[in-house]
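**Student:** Data: start.cif, mmCIF, C-alpha atoms.
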```cif
data_model
loop_
_atom_site.group_PDB
_atom_site.id
_atom_site.type_symbol
_atom_site.label_atom_id
_atom_site.label_comp_id
_atom_site.auth_asym_id
_atom_site.auth_seq_id
_atom_site.Cartn_x
_atom_site.Cartn_y
_atom_site.Cartn_z
ATOM 1 C CA MET X 1 54.439 129.012 57.057
ATOM 2 C CA CYS X 2 54.561 127.421 53.637
ATOM 3 C CA GLU X 3 51.993 124.664 54.368
ATOM 4 C CA ALA X 4 49.438 127.221 55.527
ATOM 5 C CA GLN X 5 49.973 129.336 52.443
ATOM 6 C CA ARG X 6 49.396 126.298 50.248
ATOM 7 C CA VAL X 7 46.128 125.601 52.069
ATOM 8 C CA THR X 8 44.954 129.145 51.403
ATOM 9 C CA ASP X 9 45.827 128.858 47.729
ATOM 10 C CA ALA X 10 44.245 125.422 47.312
ATOM 11 C CA VAL X 11 40.775 126.103 48.773
ATOM 12 C CA LEU X 12 38.042 125.920 46.129
ATOM 13 C CA LYS X 13 35.050 128.128 46.901
ATOM 14 C CA ASP X 14 31.527 127.233 45.754
ATOM 15 C CA ARG X 15 29.487 130.315 46.579
ATOM 16 C CA ALA X 16 26.232 128.776 45.296
ATOM 17 C CA LYS X 17 26.349 126.003 47.899
ATOM 18 C CA ASN X 18 28.169 128.012 50.569
ATOM 19 C CA LEU X 19 30.775 125.269 50.655
ATOM 20 C CA ASP X 20 34.543 125.402 50.393
ATOM 21 C CA LEU X 21 36.612 122.362 49.502
ATOM 22 C CA LEU X 22 40.253 121.524 49.911
ATOM 23 C CA PRO X 23 40.611 118.586 47.546
ATOM 24 C CA ALA X 24 43.174 115.835 47.864
ATOM 25 C CA SER X 25 45.260 114.530 45.018
ATOM 26 C CA VAL X 26 46.945 111.298 44.063
ATOM 27 C CA SER X 27 50.247 112.748 45.229
ATOM 28 C CA LEU X 28 48.968 112.659 48.823
ATOM 29 C CA ALA X 29 48.685 108.869 48.737
ATOM 30 C CA GLY X 30 52.330 108.549 49.803
ATOM 31 C CA GLY X 31 52.039 111.192 52.495
ATOM 32 C CA GLU X 32 51.864 108.725 55.347
ATOM 33 C CA VAL X 33 55.143 107.116 54.299
ATOM 34 C CA GLU X 34 56.854 110.470 53.721
ATOM 35 C CA LEU X 35 55.849 111.738 57.167
ATOM 36 C CA ILE X 36 57.305 108.787 59.087
ATOM 37 C CA ASP X 37 60.578 110.596 59.792
ATOM 38 C CA ALA X 38 59.275 114.173 59.549
ATOM 39 C CA ASP X 39 59.659 116.558 62.474
ATOM 40 C CA GLU X 40 56.414 117.426 64.268
ATOM 41 C CA ARG X 41 54.424 115.159 61.938
ATOM 42 C CA GLU X 42 51.564 114.943 64.453
ATOM 43 C CA SER X 43 50.904 118.679 64.251
ATOM 44 C CA ARG X 44 51.464 119.461 60.560
ATOM 45 C CA LEU X 45 47.793 119.360 59.583
ATOM 46 C CA ASN X 46 46.869 121.549 62.538
ATOM 47 C CA LYS X 47 49.531 124.098 61.578
ATOM 48 C CA ALA X 48 48.520 124.059 57.917
ATOM 49 C CA LEU X 49 44.847 124.663 58.745
ATOM 50 C CA SER X 50 45.509 127.344 61.368
ATOM 51 C CA LEU X 51 45.680 130.079 58.729
ATOM 52 C CA VAL X 52 42.137 129.409 57.525
ATOM 53 C CA GLU X 53 40.668 128.529 60.936
ATOM 54 C CA PRO X 54 39.095 131.977 61.528
ATOM 55 C CA ASP X 55 37.094 131.627 58.296
ATOM 56 C CA TYR X 56 35.229 128.446 59.272
ATOM 57 C CA GLN X 57 32.975 127.189 62.041
ATOM 58 C CA PHE X 58 33.407 123.556 61.002
ATOM 59 C CA VAL X 59 36.078 121.580 59.190
ATOM 60 C CA ILE X 60 35.319 118.017 58.152
ATOM 61 C CA ILE X 61 38.333 115.878 57.341
ATOM 62 C CA ASP X 62 37.969 112.675 55.380
ATOM 63 C CA CYS X 63 41.022 110.456 55.489
ATOM 64 C CA PRO X 64 41.895 106.820 54.909
ATOM 65 C CA PRO X 65 41.478 104.591 57.992
ATOM 66 C CA SER X 66 45.244 104.219 58.249
ATOM 67 C CA LEU X 67 45.600 107.968 58.966
ATOM 68 C CA ALA X 68 42.811 108.211 61.551
ATOM 69 C CA SER X 69 43.906 108.221 65.157
#
```
Take the structure in this file and express it as structure tokens.

**Tutor:**
Amino acid sequence: MCEAQRVTDAVLKDRAKNLDLLPASVSLAGGEVELIDADERESRLNKALSLVEPDYQFVIIDCPPSLAS
């Protein structure tokens, strides 16, 4: 899956703090609009994170209020 591969490539590891980050970018600001007509839009984040799921006990997701369900 291409989204999952991008997640793997984008994770920034901070070994000193035992913390990994997957930073957002300005280009994600239009993501909500772009996903309106996308197939399976409700499950895309879940699919993208499934590749890294075995590596983490917790995943904290910070998103704008308009994306929270």

**Student:** To one decimal place, how far is atom CA of Leu22 of chain X from atom CA of Glu40 of chain X in Å?

**Tutor:**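 Value for the atom CA of Leu22 of chain X-atom CA of Glu40 of chain X distance: 22.0 Å.
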
**Student:** Residues of segment 10-41 of chain X that have any atom at most 12 Å from an atom of segment 50-53 of chain X: could you tabulate them with the shortest-distance atom pair and the distance in Å to one decimal, using all atoms listed in the file, ordered by chain and increasing number, as a Markdown table?

**Tutor:**
```
| residue | atom | partner | partner_atom | distance |
| --- | --- | --- | --- | --- |
| X:Ala10 | CA | X:Val52 | CA | 11.2 |
| X:Val11 | CA | X:Val52 | CA | 9.5 |
| X:Asp20 | CA | X:Val52 | CA | 11.2 |
| X:Leu22 | CA | X:Val52 | CA | 11.1 |
```

**Student:** Measure the distance from atom CA of Arg44 of chain X to atom CA of Ile61 of chain X in Å and round it to one decimal.

**Tutor:**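 Between these atoms lies a distance of 14.0 Å.
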
**Student:** Smallest atom-to-atom distance to Ile60 of chain X: which of X:Thr8, X:Val33, X:Val26, X:Leu21, using only C-alpha atoms?

**Tutor:**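 Closest candidate: X:Leu21.
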
**Student:** Pick out the closest residue to Leu45 of chain X from this set: X:Gly31, X:Leu19, X:Ser25, X:Phe58. Count all atoms listed in the file.

**Tutor:** X:Gly31

**Student:** For a test of reading the model, state the distance in Å between atom CA of Asn46 of chain X and atom CA of Arg6 of chain X, rounded to one decimal.

**Tutor:**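 Distance reported for this atom pair: 13.4 Å.
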
**Student:** So, counting only C-alpha atoms, which residue among X:Ser43, X:Ile36, X:Asn18, X:Asp9 is closest to Tyr56 of chain X?

**Tutor:** X:Asn18
